[in-house]
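Engineer: So here's query34.pdb, just PDB, C-alpha atoms:
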ATOM      1  CA  MET A   1       3.854  -0.538 -20.953
ATOM      2  CA  ASN A   2       7.089  -1.444 -22.648
ATOM      3  CA  VAL A   3      10.510  -2.769 -21.740
ATOM      4  CA  GLU A   4      11.867   0.769 -21.596
ATOM      5  CA  PHE A   5       9.529   1.311 -18.658
ATOM      6  CA  ILE A   6      10.039  -2.021 -16.887
ATOM      7  CA  ASN A   7      13.840  -2.243 -16.931
ATOM      8  CA  PRO A   8      14.557   0.758 -14.677
ATOM      9  CA  PHE A   9      12.626  -0.872 -11.810
ATOM     10  CA  LEU A  10      14.241  -4.258 -12.377
ATOM     11  CA  VAL A  11      17.737  -2.776 -12.554
ATOM     12  CA  SER A  12      17.118  -0.588  -9.505
ATOM     13  CA  LEU A  13      16.166  -3.495  -7.244
ATOM     14  CA  VAL A  14      19.126  -5.606  -8.360
ATOM     15  CA  ASN A  15      21.470  -2.638  -7.790
ATOM     16  CA  VAL A  16      20.027  -1.686  -4.397
ATOM     17  CA  ILE A  17      20.285  -5.233  -2.996
ATOM     18  CA  SER A  18      23.742  -5.725  -4.496
ATOM     19  CA  THR A  19      24.979  -2.440  -3.009
ATOM     20  CA  MET A  20      23.357  -2.782   0.419
ATOM     21  CA  ALA A  21      23.811  -6.484   1.005
ATOM     22  CA  THR A  22      26.294  -7.734  -1.621
ATOM     23  CA  MET A  23      23.662 -10.255  -2.709
ATOM     24  CA  ASP A  24      22.742 -11.030  -6.304
ATOM     25  CA  LEU A  25      19.031 -11.316  -7.033
ATOM     26  CA  LYS A  26      18.377 -13.174 -10.269
ATOM     27  CA  PRO A  27      15.612 -11.504 -12.290
ATOM     28  CA  GLY A  28      13.077 -13.823 -13.905
ATOM     29  CA  LYS A  29      10.928 -12.978 -16.901
ATOM     30  CA  PRO A  30       8.631  -9.958 -16.418
ATOM     31  CA  GLN A  31       5.031 -10.920 -17.112
ATOM     32  CA  LEU A  32       1.566  -9.458 -17.260
ATOM     33  CA  LYS A  33      -0.095 -10.202 -13.964
ATOM     34  CA  ASN A  34      -3.530 -11.687 -14.425
ATOM     35  CA  HIS A  35      -4.036 -13.193 -11.014
ATOM     36  CA  ASP A  36      -2.806 -12.453  -7.537
ATOM     37  CA  ILE A  37      -0.071 -15.028  -7.600
ATOM     38  CA  ALA A  38       2.737 -13.199  -5.839
ATOM     39  CA  LYS A  39       2.569 -14.112  -2.175
ATOM     40  CA  GLY A  40       5.021 -12.977   0.421
ATOM     41  CA  ASP A  41       5.509 -12.065   4.045
ATOM     42  CA  VAL A  42       6.475  -8.402   3.913
ATOM     43  CA  SER A  43       5.734  -5.837   1.185
ATOM     44  CA  GLY A  44       6.601  -2.222   0.573
ATOM     45  CA  LEU A  45       4.037  -0.213  -1.394
ATOM     46  CA  ILE A  46       4.253   3.272  -2.850
ATOM     47  CA  GLY A  47       1.910   5.464  -4.867
ATOM     48  CA  MET A  48       3.089   7.484  -7.875
ATOM     49  CA  VAL A  49       1.425  10.543  -9.413
ATOM     50  CA  GLY A  50       2.525  12.298 -12.581
ATOM     51  CA  PRO A  51       1.029  14.954 -14.830
ATOM     52  CA  LYS A  52      -0.287  12.295 -17.227
ATOM     53  CA  THR A  53      -0.244   9.101 -15.207
ATOM     54  CA  LYS A  54      -0.811   7.610 -11.774
ATOM     55  CA  GLY A  55      -0.027   4.206 -10.406
ATOM     56  CA  SER A  56       1.384   2.027  -7.695
ATOM     57  CA  LEU A  57       4.386  -0.158  -7.032
ATOM     58  CA  SER A  58       4.894  -3.007  -4.604
ATOM     59  CA  ILE A  59       7.976  -4.991  -3.646
ATOM     60  CA  THR A  60       7.185  -8.236  -1.851
ATOM     61  CA  PHE A  61       9.733 -10.425  -0.053
ATOM     62  CA  GLU A  62       9.533 -13.892   1.364
ATOM     63  CA  ALA A  63      10.633 -13.748   5.005
ATOM     64  CA  PRO A  64      13.852 -15.841   4.712
ATOM     65  CA  LEU A  65      15.132 -13.579   1.907
ATOM     66  CA  ILE A  66      14.599 -10.241   3.655
ATOM     67  CA  LEU A  67      16.016 -11.674   6.895
ATOM     68  CA  GLU A  68      19.159 -12.715   4.985
ATOM     69  CA  ILE A  69      19.411  -9.237   3.398
ATOM     70  CA  MET A  70      19.345  -7.726   6.901
ATOM     71  CA  HIS A  71      21.893 -10.312   8.039
ATOM     72  CA  LYS A  72      24.292  -9.413   5.216
ATOM     73  CA  MET A  73      23.869  -5.696   5.861
ATOM     74  CA  LEU A  74      24.264  -5.644   9.630
ATOM     75  CA  GLY A  75      25.779  -8.975  10.601
ATOM     76  CA  GLU A  76      22.736  -9.652  12.755
ATOM     77  CA  LYS A  77      19.746 -11.733  11.776
ATOM     78  CA  PRO A  78      16.413 -11.032  13.464
ATOM     79  CA  SER A  79      14.335 -14.174  13.964
ATOM     80  CA  SER A  80      11.197 -12.612  12.497
ATOM     81  CA  ILE A  81       9.793  -9.558  10.702
ATOM     82  CA  ASN A  82      10.291  -6.747  13.226
ATOM     83  CA  GLU A  83      10.248  -2.949  12.957
ATOM     84  CA  GLU A  84      13.875  -2.875  11.754
ATOM     85  CA  ILE A  85      12.853  -5.100   8.861
ATOM     86  CA  THR A  86       9.773  -3.052   7.944
ATOM     87  CA  ASP A  87      11.943   0.111   8.074
ATOM     88  CA  LEU A  88      14.404  -1.587   5.726
ATOM     89  CA  VAL A  89      11.626  -2.626   3.329
ATOM     90  CA  GLY A  90      10.292   0.948   3.349
ATOM     91  CA  GLU A  91      13.772   2.248   2.509
ATOM     92  CA  ILE A  92      14.296  -0.305  -0.260
ATOM     93  CA  THR A  93      10.901   0.676  -1.714
ATOM     94  CA  ASN A  94      11.886   4.353  -1.685
ATOM     95  CA  MET A  95      15.325   3.687  -3.174
ATOM     96  CA  VAL A  96      14.095   1.393  -5.957
ATOM     97  CA  THR A  97      11.272   3.741  -6.950
ATOM     98  CA  GLY A  98      13.563   6.772  -6.699
ATOM     99  CA  GLY A  99      16.216   5.035  -8.812
ATOM    100  CA  ALA A 100      13.668   4.128 -11.478
ATOM    101  CA  LYS A 101      12.189   7.638 -11.324
ATOM    102  CA  ASN A 102      15.586   9.144 -12.167
ATOM    103  CA  LEU A 103      16.185   6.741 -15.060
ATOM    104  CA  LEU A 104      12.653   7.339 -16.398
ATOM    105  CA  SER A 105      12.851  11.086 -15.964
ATOM    106  CA  ASP A 106      15.764  11.100 -18.435
ATOM    107  CA  LYS A 107      13.397   9.481 -20.937
ATOM    108  CA  GLY A 108      10.596  11.979 -20.387
ATOM    109  CA  TYR A 109       8.411   9.953 -18.023
ATOM    110  CA  ASP A 110       7.735  11.995 -14.907
ATOM    111  CA  PHE A 111       6.051  11.165 -11.646
ATOM    112  CA  ASP A 112       6.189  12.155  -7.989
ATOM    113  CA  MET A 113       6.317   9.571  -5.241
ATOM    114  CA  ALA A 114       4.050   9.338  -2.204
ATOM    115  CA  THR A 115       5.471   7.931   1.044
ATOM    116  CA  PRO A 116       5.905   4.152   1.361
ATOM    117  CA  VAL A 117       3.710   1.844   3.395
ATOM    118  CA  VAL A 118       4.905  -1.556   4.593
ATOM    119  CA  VAL A 119       2.601  -4.499   5.133
ATOM    120  CA  SER A 120       3.622  -7.498   7.189
ATOM    121  CA  GLY A 121       1.631 -10.676   7.464
ATOM    122  CA  LYS A 122       2.401 -14.231   6.535
ATOM    123  CA  ASN A 123       1.474 -15.156   2.976
ATOM    124  CA  HIS A 124      -0.424 -12.008   2.039
ATOM    125  CA  THR A 125      -1.362 -11.105  -1.528
ATOM    126  CA  ILE A 126      -1.390  -7.714  -3.247
ATOM    127  CA  SER A 127      -3.982  -6.482  -5.772
ATOM    128  CA  HIS A 128      -3.173  -3.299  -7.652
ATOM    129  CA  LYS A 129      -6.527  -1.679  -8.434
ATOM    130  CA  SER A 130      -5.583   0.346 -11.466
ATOM    131  CA  LYS A 131      -7.104   0.390 -14.943
ATOM    132  CA  GLY A 132      -3.648  -0.069 -16.435
ATOM    133  CA  LYS A 133      -1.779  -3.265 -17.161
ATOM    134  CA  LYS A 134      -0.099  -4.903 -14.205
ATOM    135  CA  ILE A 135       3.475  -6.085 -14.625
ATOM    136  CA  LEU A 136       4.947  -8.721 -12.327
ATOM    137  CA  MET A 137       8.732  -9.164 -12.094
ATOM    138  CA  PRO A 138       9.976 -12.165 -10.129
ATOM    139  CA  PHE A 139      13.461 -12.305  -8.579
ATOM    140  CA  SER A 140      15.027 -15.422  -7.155
ATOM    141  CA  HIS A 141      17.789 -16.114  -4.653
ATOM    142  CA  GLU A 142      18.711 -19.251  -2.734
ATOM    143  CA  HIS A 143      17.106 -17.694   0.363
ATOM    144  CA  GLY A 144      13.752 -16.963  -1.264
ATOM    145  CA  MET A 145      11.775 -14.973  -3.812
ATOM    146  CA  ALA A 146      11.023 -11.299  -4.246
ATOM    147  CA  PHE A 147       8.450  -9.734  -6.572
ATOM    148  CA  ILE A 148       8.041  -6.245  -7.967
ATOM    149  CA  GLU A 149       4.605  -5.330  -9.251
ATOM    150  CA  ILE A 150       3.916  -2.045 -11.008
ATOM    151  CA  CYS A 151       0.965  -0.560 -12.755
ATOM    152  CA  PHE A 152       0.222   2.819 -14.237
ATOM    153  CA  GLU A 153      -2.905   4.256 -15.775
ATOM    154  CA  ASP A 154      -3.342   7.360 -17.925
ATOM    155  CA  ILE A 155      -5.237  10.275 -16.425
TER     156      ILE A 155
ATOM    157  CA  MET B   1      -2.111  17.477  11.935
ATOM    158  CA  ASN B   2      -5.300  18.911  13.379
ATOM    159  CA  VAL B   3      -8.947  17.969  13.678
ATOM    160  CA  GLU B   4      -9.735  19.996  10.572
ATOM    161  CA  PHE B   5      -7.596  17.518   8.674
ATOM    162  CA  ILE B   6      -8.772  14.318  10.363
ATOM    163  CA  ASN B   7     -12.535  14.829  10.244
ATOM    164  CA  PRO B   8     -12.957  14.744   6.456
ATOM    165  CA  PHE B   9     -11.562  11.190   6.339
ATOM    166  CA  LEU B  10     -13.646  10.057   9.307
ATOM    167  CA  VAL B  11     -16.846  11.579   7.904
ATOM    168  CA  SER B  12     -16.146  10.170   4.440
ATOM    169  CA  LEU B  13     -15.850   6.563   5.621
ATOM    170  CA  VAL B  14     -19.000   6.778   7.739
ATOM    171  CA  ASN B  15     -20.894   8.315   4.780
ATOM    172  CA  VAL B  16     -19.603   5.826   2.203
ATOM    173  CA  ILE B  17     -20.535   2.783   4.307
ATOM    174  CA  SER B  18     -23.886   4.269   5.275
ATOM    175  CA  THR B  19     -24.711   5.059   1.633
ATOM    176  CA  MET B  20     -23.452   1.806   0.115
ATOM    177  CA  ALA B  21     -24.546  -0.654   2.778
ATOM    178  CA  THR B  22     -26.957   1.218   5.098
ATOM    179  CA  MET B  23     -24.672   0.305   7.994
ATOM    180  CA  ASP B  24     -23.586   2.690  10.734
ATOM    181  CA  LEU B  25     -19.920   2.546  11.678
ATOM    182  CA  LYS B  26     -19.311   4.083  15.094
ATOM    183  CA  PRO B  27     -16.142   6.215  15.073
ATOM    184  CA  GLY B  28     -13.885   5.874  18.111
ATOM    185  CA  LYS B  29     -11.389   8.456  19.280
ATOM    186  CA  PRO B  30      -8.693   9.354  16.736
ATOM    187  CA  GLN B  31      -5.250   8.838  18.215
ATOM    188  CA  LEU B  32      -1.589   9.219  17.395
ATOM    189  CA  LYS B  33      -0.342   5.842  16.283
ATOM    190  CA  ASN B  34       2.863   4.859  18.045
ATOM    191  CA  HIS B  35       2.841   1.157  17.383
ATOM    192  CA  ASP B  36       1.476  -1.097  14.690
ATOM    193  CA  ILE B  37      -1.616  -2.021  16.616
ATOM    194  CA  ALA B  38      -4.256  -2.046  13.896
ATOM    195  CA  LYS B  39      -4.543  -5.566  12.596
ATOM    196  CA  GLY B  40      -7.014  -6.704   9.996
ATOM    197  CA  ASP B  41      -7.660  -9.092   7.153
ATOM    198  CA  VAL B  42      -8.024  -6.811   4.141
ATOM    199  CA  SER B  43      -6.654  -3.283   3.641
ATOM    200  CA  GLY B  44      -6.906  -0.643   0.951
ATOM    201  CA  LEU B  45      -3.898   1.655   0.619
ATOM    202  CA  ILE B  46      -3.433   4.798  -1.431
ATOM    203  CA  GLY B  47      -0.629   7.289  -1.895
ATOM    204  CA  MET B  48      -1.220  11.053  -1.950
ATOM    205  CA  VAL B  49       1.035  13.729  -3.457
ATOM    206  CA  GLY B  50       0.480  17.489  -3.194
ATOM    207  CA  PRO B  51       2.569  20.539  -3.992
ATOM    208  CA  LYS B  52       3.634  20.836  -0.340
ATOM    209  CA  THR B  53       2.918  17.430   1.129
ATOM    210  CA  LYS B  54       2.965  13.708   0.471
ATOM    211  CA  GLY B  55       1.555  10.842   2.422
ATOM    212  CA  SER B  56      -0.403   7.640   2.568
ATOM    213  CA  LEU B  57      -3.762   6.368   3.738
ATOM    214  CA  SER B  58      -4.904   2.888   4.659
ATOM    215  CA  ILE B  59      -8.325   1.501   5.489
ATOM    216  CA  THR B  60      -8.204  -1.884   7.198
ATOM    217  CA  PHE B  61     -11.201  -4.152   7.773
ATOM    218  CA  GLU B  62     -11.667  -7.260   9.833
ATOM    219  CA  ALA B  63     -13.039  -9.995   7.561
ATOM    220  CA  PRO B  64     -16.511 -10.384   9.180
ATOM    221  CA  LEU B  65     -17.187  -6.643   8.808
ATOM    222  CA  ILE B  66     -16.284  -6.330   5.124
ATOM    223  CA  LEU B  67     -18.182  -9.558   4.350
ATOM    224  CA  GLU B  68     -21.278  -8.065   6.026
ATOM    225  CA  ILE B  69     -20.840  -4.811   4.055
ATOM    226  CA  MET B  70     -20.832  -6.860   0.829
ATOM    227  CA  HIS B  71     -23.852  -8.812   2.104
ATOM    228  CA  LYS B  72     -25.822  -5.620   2.774
ATOM    229  CA  MET B  73     -24.876  -4.179  -0.621
ATOM    230  CA  LEU B  74     -25.580  -7.186  -2.818
ATOM    231  CA  GLY B  75     -27.677  -9.577  -0.747
ATOM    232  CA  GLU B  76     -24.966 -12.191  -1.163
ATOM    233  CA  LYS B  77     -22.266 -13.009   1.333
ATOM    234  CA  PRO B  78     -19.010 -14.521   0.086
ATOM    235  CA  SER B  79     -17.507 -16.980   2.559
ATOM    236  CA  SER B  80     -14.050 -15.422   2.372
ATOM    237  CA  ILE B  81     -12.039 -12.500   0.977
ATOM    238  CA  ASN B  82     -12.296 -12.952  -2.795
ATOM    239  CA  GLU B  83     -11.644 -10.645  -5.753
ATOM    240  CA  GLU B  84     -15.105  -9.040  -5.435
ATOM    241  CA  ILE B  85     -14.205  -8.067  -1.884
ATOM    242  CA  THR B  86     -10.779  -6.668  -2.802
ATOM    243  CA  ASP B  87     -12.423  -4.685  -5.645
ATOM    244  CA  LEU B  88     -14.916  -3.314  -3.126
ATOM    245  CA  VAL B  89     -12.135  -2.343  -0.686
ATOM    246  CA  GLY B  90     -10.269  -0.605  -3.526
ATOM    247  CA  GLU B  91     -13.421   1.350  -4.404
ATOM    248  CA  ILE B  92     -14.099   2.287  -0.790
ATOM    249  CA  THR B  93     -10.484   3.488  -0.496
ATOM    250  CA  ASN B  94     -10.880   5.646  -3.607
ATOM    251  CA  MET B  95     -14.247   7.034  -2.494
ATOM    252  CA  VAL B  96     -13.157   7.854   1.056
ATOM    253  CA  THR B  97      -9.930   9.524  -0.081
ATOM    254  CA  GLY B  98     -11.730  11.346  -2.891
ATOM    255  CA  GLY B  99     -14.441  12.556  -0.500
ATOM    256  CA  ALA B 100     -11.848  13.824   1.965
ATOM    257  CA  LYS B 101      -9.857  15.397  -0.881
ATOM    258  CA  ASN B 102     -12.899  17.462  -1.911
ATOM    259  CA  LEU B 103     -13.615  18.604   1.644
ATOM    260  CA  LEU B 104      -9.943  19.478   2.196
ATOM    261  CA  SER B 105      -9.575  21.223  -1.146
ATOM    262  CA  ASP B 106     -12.252  23.702   0.017
ATOM    263  CA  LYS B 107      -9.960  24.494   2.939
ATOM    264  CA  GLY B 108      -6.863  24.989   0.815
ATOM    265  CA  TYR B 109      -5.224  21.586   1.304
ATOM    266  CA  ASP B 110      -4.504  20.043  -2.079
ATOM    267  CA  PHE B 111      -3.238  16.639  -3.096
ATOM    268  CA  ASP B 112      -3.533  14.201  -5.987
ATOM    269  CA  MET B 113      -4.287  10.540  -5.443
ATOM    270  CA  ALA B 114      -2.330   7.574  -6.762
ATOM    271  CA  THR B 115      -4.231   4.350  -7.567
ATOM    272  CA  PRO B 116      -5.272   2.080  -4.681
ATOM    273  CA  VAL B 117      -3.644  -1.200  -3.750
ATOM    274  CA  VAL B 118      -5.464  -3.857  -1.742
ATOM    275  CA  VAL B 119      -3.700  -6.292   0.562
ATOM    276  CA  SER B 120      -5.338  -9.465   1.783
ATOM    277  CA  GLY B 121      -3.905 -11.741   4.405
ATOM    278  CA  LYS B 122      -5.160 -12.800   7.788
ATOM    279  CA  ASN B 123      -4.079 -10.529  10.638
ATOM    280  CA  HIS B 124      -1.646  -8.341   8.742
ATOM    281  CA  THR B 125      -0.286  -5.064  10.080
ATOM    282  CA  ILE B 126       0.428  -1.799   8.274
ATOM    283  CA  SER B 127       3.380   0.546   8.915
ATOM    284  CA  HIS B 128       3.247   3.966   7.283
ATOM    285  CA  LYS B 129       6.864   4.968   6.688
ATOM    286  CA  SER B 130       6.494   8.710   6.659
ATOM    287  CA  LYS B 131       8.290  11.342   8.712
ATOM    288  CA  GLY B 132       4.947  12.893   9.640
ATOM    289  CA  LYS B 133       2.666  12.006  12.524
ATOM    290  CA  LYS B 134       0.517   8.939  12.057
ATOM    291  CA  ILE B 135      -3.150   9.202  12.976
ATOM    292  CA  LEU B 136      -5.217   6.098  13.709
ATOM    293  CA  MET B 137      -9.019   6.261  13.621
ATOM    294  CA  PRO B 138     -10.884   3.195  14.875
ATOM    295  CA  PHE B 139     -14.450   2.388  13.827
ATOM    296  CA  SER B 140     -16.624  -0.237  15.462
ATOM    297  CA  HIS B 141     -19.642  -2.238  14.372
ATOM    298  CA  GLU B 142     -21.220  -5.377  15.791
ATOM    299  CA  HIS B 143     -19.654  -7.339  12.910
ATOM    300  CA  GLY B 144     -16.090  -6.125  13.494
ATOM    301  CA  MET B 145     -13.632  -3.248  13.465
ATOM    302  CA  ALA B 146     -12.269  -0.997  10.756
ATOM    303  CA  PHE B 147      -9.307   1.372  10.999
ATOM    304  CA  ILE B 148      -8.226   4.371   8.956
ATOM    305  CA  GLU B 149      -4.603   5.390   9.206
ATOM    306  CA  ILE B 150      -3.262   8.530   7.576
ATOM    307  CA  CYS B 151       0.023  10.326   7.580
ATOM    308  CA  PHE B 152       1.441  13.271   5.704
ATOM    309  CA  GLU B 153       4.845  14.843   5.656
ATOM    310  CA  ASP B 154       5.938  18.233   4.368
ATOM    311  CA  ILE B 155       8.119  18.307   1.284
TER     312      ILE B 155
END
The structure in this file should be written as structure tokens.

Structural biologist:
Amino acid sequence: MNVEFINPFLVSLVNVISTMATMDLKPGKPQLKNHDIAKGDVSGLIGMVGPKTKGSLSITFEAPLILEIMHKMLGEKPSSINEEITDLVGEITNMVTGGAKNLLSDKGYDFDMATPVVVSGKNHTISHKSKGKKILMPFSHEHGMAFIEICFEDI
Amino acid sequence: MNVEFINPFLVSLVNVISTMATMDLKPGKPQLKNHDIAKGDVSGLIGMVGPKTKGSLSITFEAPLILEIMHKMLGEKPSSINEEITDLVGEITNMVTGGAKNLLSDKGYDFDMATPVVVSGKNHTISHKSKGKKILMPFSHEHGMAFIEICFEDI
């Protein structure tokens, strides 16, 4: 998996959060994920299936960050992860994956998206069970961290 | 979503656990899921994409139940959710979805599976963000509960 494949996801998340919440997430260095080090409080997950590949994506947020994103969007700040927040995380997951899908489609990589699933639970970890390499992209903001993880395998 | 569609998933989980661990899960009554009531400690999730439908499945286990399943399979019982357990949950998720896929394919329902993702974290909840109805199937055992949740939407 090369930079050409990673950047569309990275750019999509930065754009989505900038557009929705006028907040700038600072991307860290993408890395191969060898252990389950990304912990967070709410995660959106989505499956992807293409003619030659299948895989999964997750976007994990620390609670203070996603609460601030909601605050900036709506002017209100829920005190904890509620259904509004999980809906928002589901939408972000769809938008980021859809944005990357469009960018990748132009380069000849094609996949269809399943529907997103959102997990909430303090300090959970995500393990992508794919034969392919797992890429972890960290994003930082003064309110907390976010992580994208993607992996694809050939079929 | 009708019984014809629900039963293959229910039967697959009971068969997989019976075959792998000689344990009998007792299926409860499938129900429409209106709230995020299924809590557990480790969940396998998988996306599904067909020509006319897309959706997601999750299988959630309470920790004592999945630890006992591992115990029955291998004779050893890890003290907590480790990577062996998340690998096992990923495999169960693949096997159950694959089993249901075969049964449903015979009836003309077709979908391809993405790769599974496993979430671990005490007492997490799962929200399937699909426009379709969400079905919750509870399973009981003296060691704890398991839950399958599925939803599909038309595309």

Engineer: Considering only C-alpha atoms, state which residue in the set B:Glu4, B:Gly28, B:Leu45, B:Ser80 is at the smallest distance from Asp106 (chain B).

Structural biologist: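 Residue with the minimum atom-to-atom distance to Asp106 (chain B): B:Glu4.
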
Engineer: Quick one: what's the axis-aligned box for region 117-135 of chain B, all listed atoms, 8 Å on every side, centre and edges in Å to one decimal, as JSON?

Structural biologist:
{"center_x": 1.4, "center_y": 0.0, "center_z": 4.6, "size_x": 29.8, "size_y": 41.7, "size_z": 32.7}

Engineer: Once you count all atoms listed in the file, what closest atom pair and distance in Å to one decimal does each residue of chain B within 10 Å of chain A have, with rows by chain and rising residue number, as CSV?

Structural biologist:
residue,atom,partner,partner_atom,distance
B:His35,CA,A:Glu83,CA,9.6
B:Asp36,CA,A:Glu83,CA,9.1
B:Lys39,CA,A:Gly121,CA,9.5
B:Gly40,CA,A:Gly121,CA,9.8
B:Asp41,CA,A:His124,CA,9.3
B:Val42,CA,A:His124,CA,9.4
B:Ser43,CA,A:Val119,CA,9.5
B:Gly44,CA,A:Ser127,CA,9.4
B:Leu45,CA,A:Val117,CA,8.1
B:Ile46,CA,A:Gly47,CA,6.4
B:Gly47,CA,A:Gly47,CA,4.3
B:Met48,CA,A:Ala114,CA,5.5
B:Val49,CA,A:Ala114,CA,5.5
B:Gly50,CA,A:Ala114,CA,9.0
B:Pro51,CA,A:Asp112,CA,10.0
B:Thr53,CA,A:Ala114,CA,8.8
B:Lys54,CA,A:Ala114,CA,5.2
B:Gly55,CA,A:Thr115,CA,5.1
B:Ser56,CA,A:Thr115,CA,6.1
B:Leu57,CA,A:Val117,CA,8.7
B:Ser58,CA,A:Val117,CA,8.8
B:Glu83,CA,A:Ser127,CA,8.7
B:Thr86,CA,A:Ser127,CA,7.4
B:Asp87,CA,A:Lys129,CA,7.2
B:Val89,CA,A:Lys129,CA,9.6
B:Gly90,CA,A:Lys129,CA,6.3
B:Glu91,CA,A:Lys129,CA,8.5
B:Asn94,CA,A:Lys129,CA,9.8
B:Phe111,CA,A:Val49,CA,9.9
B:Asp112,CA,A:Val49,CA,7.0
B:Met113,CA,A:Val49,CA,7.0
B:Ala114,CA,A:Gly47,CA,5.1
B:Thr115,CA,A:Gly55,CA,5.1
B:Pro116,CA,A:Lys129,CA,5.5
B:Val117,CA,A:His128,CA,4.5
B:Val118,CA,A:Ser127,CA,5.0
B:Val119,CA,A:Ile126,CA,4.7
B:Ser120,CA,A:Thr125,CA,5.4
B:Gly121,CA,A:His124,CA,4.2
B:Lys122,CA,A:Gly121,CA,7.1
B:Asn123,CA,A:Gly121,CA,6.5
B:His124,CA,A:Gly121,CA,4.2
B:Thr125,CA,A:Ser120,CA,5.4
B:Ile126,CA,A:Val119,CA,4.7
B:Ser127,CA,A:Val118,CA,5.0
B:His128,CA,A:Val117,CA,4.5
B:Lys129,CA,A:Pro116,CA,5.5
B:Ser130,CA,A:Thr115,CA,5.8
B:Lys131,CA,A:Thr115,CA,8.9
B:Gly132,CA,A:Thr115,CA,9.9
B:Cys151,CA,A:Thr115,CA,8.8
B:Phe152,CA,A:Thr115,CA,8.2
B:Glu153,CA,A:Thr115,CA,8.3

Engineer: Now that the selection is made, can you save its residues with C-alpha atoms as a compact mmCIF listing (two decimals), in the frame of the given file?

Structural biologist:
# COMPACT_ATOMS: atom_id res chain seq x y z
CA HIS B 35 2.84 1.16 17.38
CA ASP B 36 1.48 -1.10 14.69
CA LYS B 39 -4.54 -5.57 12.60
CA GLY B 40 -7.01 -6.70 10.00
CA ASP B 41 -7.66 -9.09 7.15
CA VAL B 42 -8.02 -6.81 4.14
CA SER B 43 -6.65 -3.28 3.64
CA GLY B 44 -6.91 -0.64 0.95
CA LEU B 45 -3.90 1.66 0.62
CA ILE B 46 -3.43 4.80 -1.43
CA GLY B 47 -0.63 7.29 -1.90
CA MET B 48 -1.22 11.05 -1.95
CA VAL B 49 1.03 13.73 -3.46
CA GLY B 50 0.48 17.49 -3.19
CA PRO B 51 2.57 20.54 -3.99
CA THR B 53 2.92 17.43 1.13
CA LYS B 54 2.96 13.71 0.47
CA GLY B 55 1.56 10.84 2.42
CA SER B 56 -0.40 7.64 2.57
CA LEU B 57 -3.76 6.37 3.74
CA SER B 58 -4.90 2.89 4.66
CA GLU B 83 -11.64 -10.64 -5.75
CA THR B 86 -10.78 -6.67 -2.80
CA ASP B 87 -12.42 -4.68 -5.64
CA VAL B 89 -12.14 -2.34 -0.69
CA GLY B 90 -10.27 -0.60 -3.53
CA GLU B 91 -13.42 1.35 -4.40
CA ASN B 94 -10.88 5.65 -3.61
CA PHE B 111 -3.24 16.64 -3.10
CA ASP B 112 -3.53 14.20 -5.99
CA MET B 113 -4.29 10.54 -5.44
CA ALA B 114 -2.33 7.57 -6.76
CA THR B 115 -4.23 4.35 -7.57
CA PRO B 116 -5.27 2.08 -4.68
CA VAL B 117 -3.64 -1.20 -3.75
CA VAL B 118 -5.46 -3.86 -1.74
CA VAL B 119 -3.70 -6.29 0.56
CA SER B 120 -5.34 -9.46 1.78
CA GLY B 121 -3.90 -11.74 4.40
CA LYS B 122 -5.16 -12.80 7.79
CA ASN B 123 -4.08 -10.53 10.64
CA HIS B 124 -1.65 -8.34 8.74
CA THR B 125 -0.29 -5.06 10.08
CA ILE B 126 0.43 -1.80 8.27
CA SER B 127 3.38 0.55 8.91
CA HIS B 128 3.25 3.97 7.28
CA LYS B 129 6.86 4.97 6.69
CA SER B 130 6.49 8.71 6.66
CA LYS B 131 8.29 11.34 8.71
CA GLY B 132 4.95 12.89 9.64
CA CYS B 151 0.02 10.33 7.58
CA PHE B 152 1.44 13.27 5.70
CA GLU B 153 4.84 14.84 5.66

Engineer: Compile the contact shell of Glu142 (chain A) as a VMD selection string: residues with an atom at most 10 Å away, counting all atoms listed in the file, same-chain residues fewer than 3 positions apart removed.

Structural biologist: chain A and resid 24 to 26 64 to 65 145

Engineer: Name the closest residue to Ile6 (chain A) among the candidates A:Ile59, A:Ile135, A:Ala146, A:Leu67; distances are taken between atoms, counting all atoms listed in the file.

Structural biologist: A:Ile135

Engineer: So which one's closest to Ala63 (chain B), B:Val96, B:Leu103, B:Ile81, B:Ile17? Using only C-alpha atoms, please.

Structural biologist: B:Ile81

Engineer: One decimal, Å: what's the distance from CA of Lys72 (chain A) over to CA of Ile92 (chain A), could you say?

Structural biologist: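 One can read the CA of Lys72 (chain A) to CA of Ile92 (chain A) distance as 14.6 Å.
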
Engineer: Considering all atoms listed in the file, return as a list in words whatever protein or nucleic-acid residues lie within 8 Å of Gly99 (chain A), sequence-local ones (same chain, fewer than 2 positions apart) excluded.

Structural biologist: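 Within the cut-off, the hits are Pro8, Phe9, Ser12, Met95, Val96, Thr97, Lys101, Asn102 and Leu103 of chain A.
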
Engineer: Considering only C-alpha atoms, can you say which of B:Leu136, B:Ala100, B:Ile150, B:Ile155 comes closest to Asn15 (chain B)?

Structural biologist: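 Of the candidates, the smallest distance to Asn15 (chain B) is held by B:Ala100.
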
Engineer: Fewer than 6 positions away in the same chain doesn't count, so skip those; otherwise give me all residues within 8 Å of Met137 (chain B), counting all atoms listed in the file, as a PDB file with C-alpha atoms, keeping the file's coordinate frame.

Structural biologist:
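Ended up saving to selection25.pdb:
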ATOM      1  CA  LEU B  10     -13.646  10.057   9.307  1.00  0.00           C
ATOM      2  CA  PRO B  27     -16.142   6.215  15.073  1.00  0.00           C
ATOM      3  CA  GLY B  28     -13.885   5.874  18.111  1.00  0.00           C
ATOM      4  CA  LYS B  29     -11.389   8.456  19.280  1.00  0.00           C
ATOM      5  CA  PRO B  30      -8.693   9.354  16.736  1.00  0.00           C
ATOM      6  CA  GLN B  31      -5.250   8.838  18.215  1.00  0.00           C
ATOM      7  CA  PHE B 147      -9.307   1.372  10.999  1.00  0.00           C
ATOM      8  CA  ILE B 148      -8.226   4.371   8.956  1.00  0.00           C
ATOM      9  CA  GLU B 149      -4.603   5.390   9.206  1.00  0.00           C
TER      10      GLU B 149
END
